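S.K.: First the structure, then my questions, so here it is.
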Amino acid sequence: MNTVRSVIAQSGLPLLEARMIVGHVLNVSRAWMIAHDSDSIAAGSLVSIQEMFRRRLSGEPMAYILGQREFMGLVFKTNPSVLIPRPDTELLVETAIDLLQNRPGATMLDMGTGSGAIAVSVAHYCPQAAVMASDTSAEALAVARENAQNLGARVVFVESDWYEQLPVGKFDLIVSNPPYIHHADSHLEQGDLRFEPPQALTDFSDGLAAIRKIIAGAGGFLQAGGWLWLEHGWDQAESVRSLLMEAGFANVESRRDLSGIERISGGQWVISE
Ligand code: GLN
């Protein structure tokens with residue numbers, strides 16, 4: 001008999017992943033599966049479960065198989081047109097929330113929003129902020145819009161290649177998790193990254209090309225006193241701080257993620273035009 005217990009045990013996958021797939025298809029909680037582990041699984045569900053097991057065994061990311069990923073305590077729709085939201089990026093969101101909280105009407109721009117994880121989380125936790133998000137990919141923007149709608153977050157989306165098609169405006173905060181992986185980094189051929197949109201991961205250059213572009217243009221889109229915060233790679237903090245200082249940013253600093261890695265850097269635009 002195909003019981004919950006035997007199907008999970010024979011999946012060939014780590015227990016957690018097998019349970020996530022079975023729970024997703026049956027639309028039941030983990031607690032339910034534990035309490036009902038000798039229940040049999042209906043044939044139709046079993047076919048869907050086996051198909052998802054097969055996809056996972058061939059390396060496809062869980063977030064694409066399930067079509068969703070939790071981030072900042074919210075569930076985001078994900079598909080192969082967007083980068084999968086990562087726990088590392090919660091540091092950038094927390095930094096943004098700190099800057100925008102208790103400042104009604106404060107404005108934020110999230111560049112290269114992808115799934116919308118950053119912009120939608122900030123809009124959710126700071127509902128009085130005015131949040132705009134851009135991406136060059138129409139497919140990504142469709143996912144981001146759906147996430148904003150599902151989570152009841154108010155975000156204005158703009159299709160734009162970095163600053164190219166943005167409406168004129170001055171923000172209190174610009175954030176971005178841009179593609180920052182060096183084109184020759186072997187991680188691009190490993191794990192989940194093999195299935196993610198390459199243009200969301202790498203600049204096809206030295207890893208700093210998108211970051212340079214964002215920093216160079218930020219002054220034109222920031223209020224005097226506004227902040228720019230960027231996520232970057234584990235070994236890029238010093239370079240990003242230098243780029244920020246060379247561009248005229250003040251109060252430049254980096255912050256460490258939960259693994260102790262300098263994961264984001266930012267600075268304040270004190271020049272008024
Ligand atoms: N942090 C991601 C990784 O190393 C990369 C995300 C990005 O390029 N913005 O897998």
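Following the order of the structure tokens, first chain is A, next is B, and so on, with residues numbered from 1 inside each chain and ligands from 1 in the order they appear.
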Produce as a compact mmCIF listing (two decimals) with all heavy atoms, in the first residue's frame the set of residues near ligand 1, where near means within 10 Å with only C-alpha atoms and all ligand atoms considered.

M.R.:
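This is the output file part-v5.txt:
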# COMPACT_ATOMS: atom_id res chain seq x y z
N LEU A 83 14.89 34.88 -9.68
CA LEU A 83 15.82 34.36 -8.67
C LEU A 83 14.99 33.87 -7.49
O LEU A 83 13.99 34.49 -7.12
CB LEU A 83 16.74 35.50 -8.23
CG LEU A 83 17.91 35.11 -7.33
CD1 LEU A 83 19.07 34.60 -8.18
CD2 LEU A 83 18.39 36.29 -6.50
N ILE A 84 15.41 32.78 -6.87
CA ILE A 84 14.72 32.27 -5.68
C ILE A 84 15.10 33.14 -4.48
O ILE A 84 16.29 33.35 -4.23
CB ILE A 84 15.11 30.80 -5.43
CG1 ILE A 84 14.72 29.93 -6.65
CG2 ILE A 84 14.46 30.28 -4.16
CD1 ILE A 84 15.38 28.57 -6.68
N PRO A 85 14.12 33.68 -3.74
CA PRO A 85 14.47 34.50 -2.58
C PRO A 85 15.31 33.70 -1.59
O PRO A 85 15.03 32.53 -1.34
CB PRO A 85 13.10 34.85 -1.97
CG PRO A 85 12.11 34.66 -3.07
CD PRO A 85 12.67 33.57 -3.94
N ARG A 86 16.37 34.35 -1.07
CA ARG A 86 17.29 33.67 -0.15
C ARG A 86 17.26 34.34 1.22
O ARG A 86 17.11 35.56 1.30
CB ARG A 86 18.72 33.76 -0.69
CG ARG A 86 18.95 32.93 -1.94
CD ARG A 86 20.16 33.46 -2.66
NE ARG A 86 20.72 32.56 -3.66
CZ ARG A 86 20.14 32.22 -4.81
NH1 ARG A 86 18.94 32.68 -5.11
NH2 ARG A 86 20.76 31.42 -5.65
N PRO A 87 17.49 33.52 2.27
CA PRO A 87 17.52 34.09 3.63
C PRO A 87 18.54 35.23 3.77
O PRO A 87 18.31 36.18 4.51
CB PRO A 87 17.90 32.91 4.53
CG PRO A 87 17.73 31.69 3.71
CD PRO A 87 17.69 32.07 2.26
N ASP A 88 19.66 35.14 3.04
CA ASP A 88 20.70 36.19 3.09
C ASP A 88 20.12 37.57 2.84
O ASP A 88 20.59 38.58 3.38
CB ASP A 88 21.76 35.98 2.00
CG ASP A 88 22.38 34.60 2.01
OD1 ASP A 88 22.34 33.96 3.07
OD2 ASP A 88 22.91 34.20 0.96
N THR A 89 19.12 37.61 1.96
CA THR A 89 18.58 38.89 1.51
C THR A 89 17.65 39.53 2.56
O THR A 89 17.32 40.72 2.46
CB THR A 89 17.88 38.69 0.15
OG1 THR A 89 18.83 38.11 -0.75
CG2 THR A 89 17.37 39.99 -0.45
N GLY A 112 15.74 45.86 -9.94
CA GLY A 112 15.95 44.46 -10.29
C GLY A 112 15.20 43.58 -9.31
O GLY A 112 15.75 42.68 -8.69
N GLY A 114 12.94 41.22 -9.44
CA GLY A 114 12.75 39.77 -9.61
C GLY A 114 11.37 39.33 -9.14
O GLY A 114 10.35 39.83 -9.62
N SER A 176 18.92 47.27 -3.76
CA SER A 176 18.98 46.31 -4.86
C SER A 176 19.76 45.07 -4.44
O SER A 176 20.74 45.16 -3.69
CB SER A 176 19.65 46.95 -6.09
OG SER A 176 19.63 46.02 -7.17
N ASN A 177 19.29 43.95 -4.92
CA ASN A 177 20.06 42.70 -4.87
C ASN A 177 20.37 42.36 -6.33
O ASN A 177 19.68 41.58 -6.95
CB ASN A 177 19.24 41.59 -4.21
CG ASN A 177 19.95 40.25 -4.28
OD1 ASN A 177 21.17 40.19 -4.50
ND2 ASN A 177 19.21 39.17 -4.12
N PRO A 178 21.40 43.00 -6.87
CA PRO A 178 21.67 42.87 -8.32
C PRO A 178 22.44 41.59 -8.62
O PRO A 178 22.90 40.91 -7.70
CB PRO A 178 22.54 44.09 -8.59
CG PRO A 178 23.32 44.27 -7.33
CD PRO A 178 22.41 43.84 -6.20
N PRO A 179 22.59 41.25 -9.90
CA PRO A 179 23.47 40.13 -10.24
C PRO A 179 24.90 40.50 -9.91
O PRO A 179 25.40 41.51 -10.40
CB PRO A 179 23.26 39.97 -11.75
CG PRO A 179 22.71 41.26 -12.23
CD PRO A 179 21.98 41.88 -11.08
N TYR A 180 25.55 39.72 -9.05
CA TYR A 180 26.90 40.10 -8.62
C TYR A 180 27.89 38.94 -8.65
O TYR A 180 29.00 39.04 -8.13
CB TYR A 180 26.88 40.74 -7.23
CG TYR A 180 26.21 39.92 -6.14
CD1 TYR A 180 26.79 38.76 -5.64
CD2 TYR A 180 25.02 40.35 -5.56
CE1 TYR A 180 26.19 38.04 -4.63
CE2 TYR A 180 24.40 39.64 -4.55
CZ TYR A 180 24.99 38.48 -4.09
OH TYR A 180 24.39 37.77 -3.07
N ILE A 181 27.51 37.81 -9.24
CA ILE A 181 28.44 36.68 -9.28
C ILE A 181 29.35 36.81 -10.50
O ILE A 181 28.89 37.08 -11.62
CB ILE A 181 27.66 35.34 -9.31
CG1 ILE A 181 26.78 35.22 -8.06
CG2 ILE A 181 28.62 34.16 -9.41
CD1 ILE A 181 25.96 33.94 -7.99
N HIS A 182 30.66 36.65 -10.27
CA HIS A 182 31.67 36.71 -11.34
C HIS A 182 31.33 35.66 -12.39
O HIS A 182 30.94 34.53 -12.04
CB HIS A 182 33.04 36.43 -10.72
CG HIS A 182 34.19 36.69 -11.63
ND1 HIS A 182 34.49 35.87 -12.70
CD2 HIS A 182 35.11 37.69 -11.65
CE1 HIS A 182 35.55 36.35 -13.33
NE2 HIS A 182 35.94 37.45 -12.72
N ASP A 185 32.67 32.17 -11.91
CA ASP A 185 32.47 31.50 -10.61
C ASP A 185 31.81 30.14 -10.82
O ASP A 185 30.74 30.04 -11.43
CB ASP A 185 31.59 32.39 -9.71
CG ASP A 185 31.54 31.91 -8.27
OD1 ASP A 185 31.48 30.68 -8.05
OD2 ASP A 185 31.54 32.76 -7.37
N HIS A 187 30.20 28.33 -8.91
CA HIS A 187 28.89 28.14 -8.27
C HIS A 187 27.73 28.23 -9.27
O HIS A 187 26.66 27.71 -9.03
CB HIS A 187 28.67 29.18 -7.16
CG HIS A 187 29.53 28.94 -5.97
ND1 HIS A 187 30.70 29.63 -5.74
CD2 HIS A 187 29.41 28.06 -4.95
CE1 HIS A 187 31.26 29.18 -4.64
NE2 HIS A 187 30.51 28.23 -4.13
N LEU A 188 27.98 28.95 -10.38
CA LEU A 188 26.91 29.09 -11.37
C LEU A 188 26.53 27.74 -11.99
O LEU A 188 25.45 27.59 -12.53
CB LEU A 188 27.35 30.06 -12.48
CG LEU A 188 27.52 31.53 -12.05
CD1 LEU A 188 28.23 32.33 -13.13
CD2 LEU A 188 26.17 32.16 -11.73
N GLN A 190 26.41 24.96 -10.19
CA GLN A 190 26.09 24.05 -9.08
C GLN A 190 24.70 24.32 -8.50
O GLN A 190 24.25 25.47 -8.49
CB GLN A 190 27.13 24.21 -7.96
CG GLN A 190 28.52 23.73 -8.36
CD GLN A 190 29.59 24.20 -7.38
OE1 GLN A 190 29.29 24.46 -6.22
NE2 GLN A 190 30.81 24.33 -7.84
N GLY A 191 24.09 23.24 -8.00
CA GLY A 191 22.85 23.35 -7.21
C GLY A 191 21.75 24.15 -7.90
O GLY A 191 21.60 24.10 -9.12
N ASP A 192 20.98 24.86 -7.09
CA ASP A 192 19.84 25.63 -7.60
C ASP A 192 20.23 26.61 -8.70
O ASP A 192 19.44 26.90 -9.60
CB ASP A 192 19.20 26.44 -6.45
CG ASP A 192 18.38 25.58 -5.51
OD1 ASP A 192 18.34 24.34 -5.69
OD2 ASP A 192 17.77 26.14 -4.58
N LEU A 193 21.45 27.19 -8.60
CA LEU A 193 21.85 28.26 -9.52
C LEU A 193 21.79 27.83 -10.98
O LEU A 193 21.55 28.66 -11.87
CB LEU A 193 23.26 28.76 -9.18
CG LEU A 193 23.36 29.74 -8.01
CD1 LEU A 193 23.12 29.03 -6.68
CD2 LEU A 193 24.70 30.44 -7.98
N GLU A 196 18.38 28.84 -12.27
CA GLU A 196 17.90 30.22 -12.10
C GLU A 196 18.28 31.06 -13.32
O GLU A 196 19.20 30.73 -14.06
CB GLU A 196 18.48 30.81 -10.82
CG GLU A 196 17.93 30.11 -9.59
CD GLU A 196 18.46 30.70 -8.29
OE1 GLU A 196 19.64 30.50 -7.98
OE2 GLU A 196 17.68 31.36 -7.58
N PRO A 198 20.20 33.26 -15.53
CA PRO A 198 21.61 33.68 -15.40
C PRO A 198 21.74 35.20 -15.21
O PRO A 198 22.57 35.66 -14.42
CB PRO A 198 22.24 33.25 -16.73
CG PRO A 198 21.32 32.24 -17.30
CD PRO A 198 19.95 32.49 -16.76
N GLN A 199 20.88 35.98 -15.90
CA GLN A 199 21.00 37.43 -15.81
C GLN A 199 20.61 37.97 -14.43
O GLN A 199 20.85 39.14 -14.14
CB GLN A 199 20.19 38.12 -16.92
CG GLN A 199 18.68 38.04 -16.78
CD GLN A 199 18.07 36.75 -17.33
OE1 GLN A 199 18.78 35.76 -17.56
NE2 GLN A 199 16.76 36.73 -17.51
N ALA A 200 20.01 37.12 -13.59
CA ALA A 200 19.71 37.54 -12.22
C ALA A 200 20.86 37.21 -11.28
O ALA A 200 20.91 37.70 -10.15
CB ALA A 200 18.43 36.85 -11.73
N LEU A 201 21.79 36.38 -11.76
CA LEU A 201 22.89 35.93 -10.91
C LEU A 201 24.20 36.63 -11.23
O LEU A 201 24.93 37.04 -10.34
CB LEU A 201 23.10 34.42 -11.10
CG LEU A 201 22.00 33.51 -10.55
CD1 LEU A 201 22.15 32.11 -11.13
CD2 LEU A 201 22.07 33.45 -9.02
N THR A 202 24.50 36.72 -12.54
CA THR A 202 25.82 37.24 -12.94
C THR A 202 25.68 38.41 -13.91
O THR A 202 24.68 38.50 -14.65
CB THR A 202 26.68 36.13 -13.60
OG1 THR A 202 27.94 36.70 -14.00
CG2 THR A 202 26.01 35.49 -14.80
N ASP A 203 26.68 39.29 -13.87
CA ASP A 203 26.72 40.42 -14.80
C ASP A 203 27.49 40.02 -16.07
O ASP A 203 27.77 40.86 -16.91
CB ASP A 203 27.40 41.61 -14.13
CG ASP A 203 28.78 41.27 -13.60
OD1 ASP A 203 29.23 40.10 -13.77
OD2 ASP A 203 29.43 42.14 -13.01
N GLY A 207 31.53 40.76 -11.84
CA GLY A 207 30.65 40.69 -10.67
C GLY A 207 30.26 42.05 -10.12
O GLY A 207 29.36 42.16 -9.29
N LEU A 230 23.01 48.03 -0.98
CA LEU A 230 23.14 46.97 -1.99
C LEU A 230 23.57 45.65 -1.36
O LEU A 230 24.47 45.64 -0.49
CB LEU A 230 24.23 47.36 -3.00
CG LEU A 230 24.00 48.62 -3.81
CD1 LEU A 230 25.28 48.99 -4.55
CD2 LEU A 230 22.86 48.41 -4.79
N GLU A 231 22.97 44.56 -1.83
CA GLU A 231 23.51 43.25 -1.47
C GLU A 231 24.66 42.93 -2.43
O GLU A 231 24.65 43.37 -3.58
CB GLU A 231 22.42 42.17 -1.59
CG GLU A 231 22.96 40.79 -1.23
CD GLU A 231 21.91 39.70 -1.20
OE1 GLU A 231 20.79 39.94 -0.70
OE2 GLU A 231 22.21 38.59 -1.68
N HIS A 232 25.66 42.20 -1.92
CA HIS A 232 26.79 41.83 -2.77
C HIS A 232 27.39 40.52 -2.30
O HIS A 232 26.97 39.95 -1.29
CB HIS A 232 27.85 42.96 -2.77
CG HIS A 232 28.22 43.42 -1.40
ND1 HIS A 232 28.89 42.62 -0.51
CD2 HIS A 232 27.97 44.59 -0.75
CE1 HIS A 232 29.07 43.30 0.63
NE2 HIS A 232 28.51 44.48 0.52
N GLY A 233 28.40 40.06 -3.03
CA GLY A 233 29.05 38.78 -2.72
C GLY A 233 29.92 38.86 -1.48
O GLY A 233 30.27 39.95 -1.01
N TRP A 234 30.30 37.69 -0.97
CA TRP A 234 31.04 37.58 0.30
C TRP A 234 32.38 38.32 0.28
O TRP A 234 32.85 38.75 1.32
CB TRP A 234 31.27 36.09 0.63
CG TRP A 234 32.14 35.40 -0.38
CD1 TRP A 234 31.71 34.85 -1.56
CD2 TRP A 234 33.55 35.22 -0.33
NE1 TRP A 234 32.77 34.34 -2.26
CE2 TRP A 234 33.92 34.53 -1.52
CE3 TRP A 234 34.55 35.54 0.58
CZ2 TRP A 234 35.24 34.19 -1.80
CZ3 TRP A 234 35.86 35.19 0.30
CH2 TRP A 234 36.20 34.53 -0.88
N ARG A 263 27.52 41.29 3.90
CA ARG A 263 26.59 40.90 2.84
C ARG A 263 25.96 42.11 2.14
O ARG A 263 25.55 42.02 0.98
CB ARG A 263 25.50 40.02 3.49
CG ARG A 263 24.37 39.58 2.62
CD ARG A 263 24.79 38.80 1.41
NE ARG A 263 25.50 37.57 1.70
CZ ARG A 263 26.17 36.87 0.78
NH1 ARG A 263 26.21 37.28 -0.48
NH2 ARG A 263 26.82 35.77 1.12

S.K.: Excluding A:Val175 and residues on its chain fewer than 4 positions from it, collect all residues at most 8 Å away from it, counting only C-alpha atoms, and give them as a PyMOL selection string.

M.R.: chain A and resi 92+96+108-111+228-230

S.K.: If you take only C-alpha atoms and a cut-off of 8 Å, which residues of stretch 24-143 of chain A touch stretch 2-5 of chain A, and what are their nearest atom pairs and distances in Å to one decimal, in chain and number order, as CSV?

M.R.:
residue,atom,partner,partner_atom,distance
A:Met33,CA,A:Val4,CA,6.9
A:His36,CA,A:Val4,CA,7.2
A:Asp37,CA,A:Val4,CA,4.8
A:Ser38,CA,A:Thr3,CA,5.2
A:Asp39,CA,A:Thr3,CA,5.2
A:Ser40,CA,A:Thr3,CA,4.0
A:Ile41,CA,A:Thr3,CA,5.8

S.K.: Please run DSSP on the backbone and report, as a list in words, all residues within stretch 94-225 of chain A that come out as strand (DSSP E).

M.R.: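 Going through stretch 94-225 of chain A, the strand (DSSP E) residues come out as Thr107, Met108, Leu109, Asp110, Met111, Ala130, Val131, Met132, Ala133, Ser134, Asp135, Val155, Val156, Phe157, Val158, Glu159, Phe171, Asp172, Leu173, Ile174, Val175, Ser176, Leu222, Gln223, Ala224 and Gly225 of chain A.
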
S.K.: For those residues, write N, CA and C atoms to a file as a PDB file, in the first residue's frame.

M.R.:
ATOM      1  N   THR A 107       9.811  57.143   0.675  1.00  0.00           N
ATOM      2  CA  THR A 107       9.778  56.462  -0.613  1.00  0.00           C
ATOM      3  C   THR A 107      10.974  55.529  -0.790  1.00  0.00           C
ATOM      4  N   MET A 108      10.723  54.388  -1.417  1.00  0.00           N
ATOM      5  CA  MET A 108      11.798  53.427  -1.679  1.00  0.00           C
ATOM      6  C   MET A 108      11.698  52.886  -3.096  1.00  0.00           C
ATOM      7  N   LEU A 109      12.855  52.679  -3.712  1.00  0.00           N
ATOM      8  CA  LEU A 109      12.947  52.041  -5.029  1.00  0.00           C
ATOM      9  C   LEU A 109      13.761  50.761  -4.883  1.00  0.00           C
ATOM     10  N   ASP A 110      13.206  49.640  -5.368  1.00  0.00           N
ATOM     11  CA  ASP A 110      13.931  48.362  -5.400  1.00  0.00           C
ATOM     12  C   ASP A 110      14.271  48.061  -6.853  1.00  0.00           C
ATOM     13  N   MET A 111      15.564  48.039  -7.173  1.00  0.00           N
ATOM     14  CA  MET A 111      15.980  47.847  -8.570  1.00  0.00           C
ATOM     15  C   MET A 111      16.305  46.382  -8.865  1.00  0.00           C
ATOM     16  N   ALA A 130       5.929  54.498   0.360  1.00  0.00           N
ATOM     17  CA  ALA A 130       5.584  54.419  -1.067  1.00  0.00           C
ATOM     18  C   ALA A 130       6.700  53.644  -1.750  1.00  0.00           C
ATOM     19  N   VAL A 131       6.377  52.467  -2.238  1.00  0.00           N
ATOM     20  CA  VAL A 131       7.399  51.568  -2.769  1.00  0.00           C
ATOM     21  C   VAL A 131       7.261  51.409  -4.282  1.00  0.00           C
ATOM     22  N   MET A 132       8.391  51.617  -4.978  1.00  0.00           N
ATOM     23  CA  MET A 132       8.439  51.370  -6.418  1.00  0.00           C
ATOM     24  C   MET A 132       9.456  50.250  -6.660  1.00  0.00           C
ATOM     25  N   ALA A 133       9.195  49.418  -7.667  1.00  0.00           N
ATOM     26  CA  ALA A 133      10.126  48.337  -7.973  1.00  0.00           C
ATOM     27  C   ALA A 133      10.281  48.225  -9.477  1.00  0.00           C
ATOM     28  N   SER A 134      11.527  48.002  -9.919  1.00  0.00           N
ATOM     29  CA  SER A 134      11.781  47.911 -11.357  1.00  0.00           C
ATOM     30  C   SER A 134      12.427  46.580 -11.703  1.00  0.00           C
ATOM     31  N   ASP A 135      12.249  46.183 -12.935  1.00  0.00           N
ATOM     32  CA  ASP A 135      12.990  45.039 -13.468  1.00  0.00           C
ATOM     33  C   ASP A 135      13.000  45.172 -14.980  1.00  0.00           C
ATOM     34  N   VAL A 155       2.665  48.226  -4.305  1.00  0.00           N
ATOM     35  CA  VAL A 155       3.964  48.496  -4.945  1.00  0.00           C
ATOM     36  C   VAL A 155       3.681  48.936  -6.377  1.00  0.00           C
ATOM     37  N   VAL A 156       4.396  49.971  -6.824  1.00  0.00           N
ATOM     38  CA  VAL A 156       4.291  50.409  -8.227  1.00  0.00           C
ATOM     39  C   VAL A 156       5.437  49.757  -8.995  1.00  0.00           C
ATOM     40  N   PHE A 157       5.106  49.016 -10.055  1.00  0.00           N
ATOM     41  CA  PHE A 157       6.128  48.309 -10.826  1.00  0.00           C
ATOM     42  C   PHE A 157       6.422  49.017 -12.141  1.00  0.00           C
ATOM     43  N   VAL A 158       7.701  49.049 -12.500  1.00  0.00           N
ATOM     44  CA  VAL A 158       8.133  49.713 -13.730  1.00  0.00           C
ATOM     45  C   VAL A 158       9.098  48.788 -14.474  1.00  0.00           C
ATOM     46  N   GLU A 159       8.849  48.602 -15.777  1.00  0.00           N
ATOM     47  CA  GLU A 159       9.798  47.825 -16.577  1.00  0.00           C
ATOM     48  C   GLU A 159      10.917  48.752 -17.004  1.00  0.00           C
ATOM     49  N   PHE A 171      14.060  59.427  -4.351  1.00  0.00           N
ATOM     50  CA  PHE A 171      13.668  58.477  -3.316  1.00  0.00           C
ATOM     51  C   PHE A 171      14.443  58.718  -2.023  1.00  0.00           C
ATOM     52  N   ASP A 172      13.851  58.261  -0.923  1.00  0.00           N
ATOM     53  CA  ASP A 172      14.555  58.309   0.366  1.00  0.00           C
ATOM     54  C   ASP A 172      15.490  57.116   0.517  1.00  0.00           C
ATOM     55  N   LEU A 173      15.202  56.078  -0.278  1.00  0.00           N
ATOM     56  CA  LEU A 173      16.018  54.868  -0.175  1.00  0.00           C
ATOM     57  C   LEU A 173      15.976  54.116  -1.503  1.00  0.00           C
ATOM     58  N   ILE A 174      17.152  53.704  -1.967  1.00  0.00           N
ATOM     59  CA  ILE A 174      17.225  52.775  -3.100  1.00  0.00           C
ATOM     60  C   ILE A 174      17.886  51.502  -2.587  1.00  0.00           C
ATOM     61  N   VAL A 175      17.285  50.357  -2.888  1.00  0.00           N
ATOM     62  CA  VAL A 175      17.895  49.074  -2.528  1.00  0.00           C
ATOM     63  C   VAL A 175      17.968  48.209  -3.778  1.00  0.00           C
ATOM     64  N   SER A 176      18.916  47.273  -3.760  1.00  0.00           N
ATOM     65  CA  SER A 176      18.980  46.312  -4.858  1.00  0.00           C
ATOM     66  C   SER A 176      19.757  45.075  -4.442  1.00  0.00           C
ATOM     67  N   LEU A 222      18.111  60.078  -5.745  1.00  0.00           N
ATOM     68  CA  LEU A 222      18.020  60.116  -4.282  1.00  0.00           C
ATOM     69  C   LEU A 222      17.802  61.535  -3.778  1.00  0.00           C
ATOM     70  N   GLN A 223      16.953  61.643  -2.759  1.00  0.00           N
ATOM     71  CA  GLN A 223      16.811  62.905  -2.021  1.00  0.00           C
ATOM     72  C   GLN A 223      18.138  63.182  -1.315  1.00  0.00           C
ATOM     73  N   ALA A 224      18.396  64.425  -0.996  1.00  0.00           N
ATOM     74  CA  ALA A 224      19.530  64.723  -0.117  1.00  0.00           C
ATOM     75  C   ALA A 224      19.247  64.033   1.216  1.00  0.00           C
ATOM     76  N   GLY A 225      20.207  63.270   1.709  1.00  0.00           N
ATOM     77  CA  GLY A 225      20.001  62.522   2.948  1.00  0.00           C
ATOM     78  C   GLY A 225      19.470  61.110   2.710  1.00  0.00           C
TER      79      GLY A 225
END

S.K.: Can you tell me which residues surround A:Asn251 at a distance of at most 10 Å, considering only C-alpha atoms, apart from same-chain residues fewer than 2 positions away, and format the answer as a list of chain:residue names?

M.R.: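 In the requested form, the answer reads A:Trp227, A:Arg241, A:Leu244, A:Met245, A:Phe249, A:Glu253, A:Gly266, A:Gly267, A:Gln268, A:Trp269, A:Val270.
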
S.K.: Would you return as a PyMOL selection string the members of stretch 4-67 of chain A that DSSP assigns to helix (DSSP H, G or I) on this structure's backbone?

M.R.: chain A and resi 4-9+15-26+30-35+43-57+62-66

S.K.: May I have the residues within 9 Å of stretch 9-21 of chain A as a ChimeraX atom specification, using only C-alpha atoms and disregarding those fewer than 6 positions away in the same chain?

M.R.: /A:29-30,33,49-50,52-54,56-57,62,65-66

S.K.: Give me, please, the distance in Å between atom CA of A:Asn147 and atom CA of A:Ser121, quoted to one decimal.

M.R.: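 Taking atom CA of A:Asn147 and atom CA of A:Ser121, their separation equals 9.8 Å.
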
S.K.: To one decimal place, how far is atom CA of A:Ile8 from atom CA of A:Glu70 in Å?

M.R.: 22.2 Å

S.K.: Would you compute the distance between atom CA of A:Leu208 and atom CA of A:Ala63? Give it in Å to one decimal.

M.R.: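 These two atoms are separated by 27.0 Å.
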
S.K.: Tell me, as a PyMOL selection string, which residues lie within 7 Å of A:Val120, counting only C-alpha atoms; anything in the same chain fewer than 4 positions away does not count.

M.R.: chain A and resi 116+124+148+153+155

S.K.: Using only N, CA and C atoms, please write the residues we just selected to a file, as a PDB file, in the first residue's frame.

M.R.:
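The new file selection10.pdb reads:
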ATOM      1  N   GLY A 116       9.998  40.156  -6.579  1.00  0.00           N
ATOM      2  CA  GLY A 116       9.404  41.220  -5.768  1.00  0.00           C
ATOM      3  C   GLY A 116       9.625  41.002  -4.281  1.00  0.00           C
ATOM      4  N   HIS A 124       4.835  45.403   2.745  1.00  0.00           N
ATOM      5  CA  HIS A 124       3.987  44.685   3.709  1.00  0.00           C
ATOM      6  C   HIS A 124       4.257  45.151   5.135  1.00  0.00           C
ATOM      7  N   ALA A 148       2.713  40.827  -5.088  1.00  0.00           N
ATOM      8  CA  ALA A 148       2.203  42.028  -4.404  1.00  0.00           C
ATOM      9  C   ALA A 148       0.695  41.882  -4.188  1.00  0.00           C
ATOM     10  N   ALA A 153       0.183  43.893  -0.877  1.00  0.00           N
ATOM     11  CA  ALA A 153       1.191  44.955  -0.739  1.00  0.00           C
ATOM     12  C   ALA A 153       1.030  45.962  -1.873  1.00  0.00           C
ATOM     13  N   VAL A 155       2.665  48.226  -4.305  1.00  0.00           N
ATOM     14  CA  VAL A 155       3.964  48.496  -4.945  1.00  0.00           C
ATOM     15  C   VAL A 155       3.681  48.936  -6.377  1.00  0.00           C
TER      16      VAL A 155
END
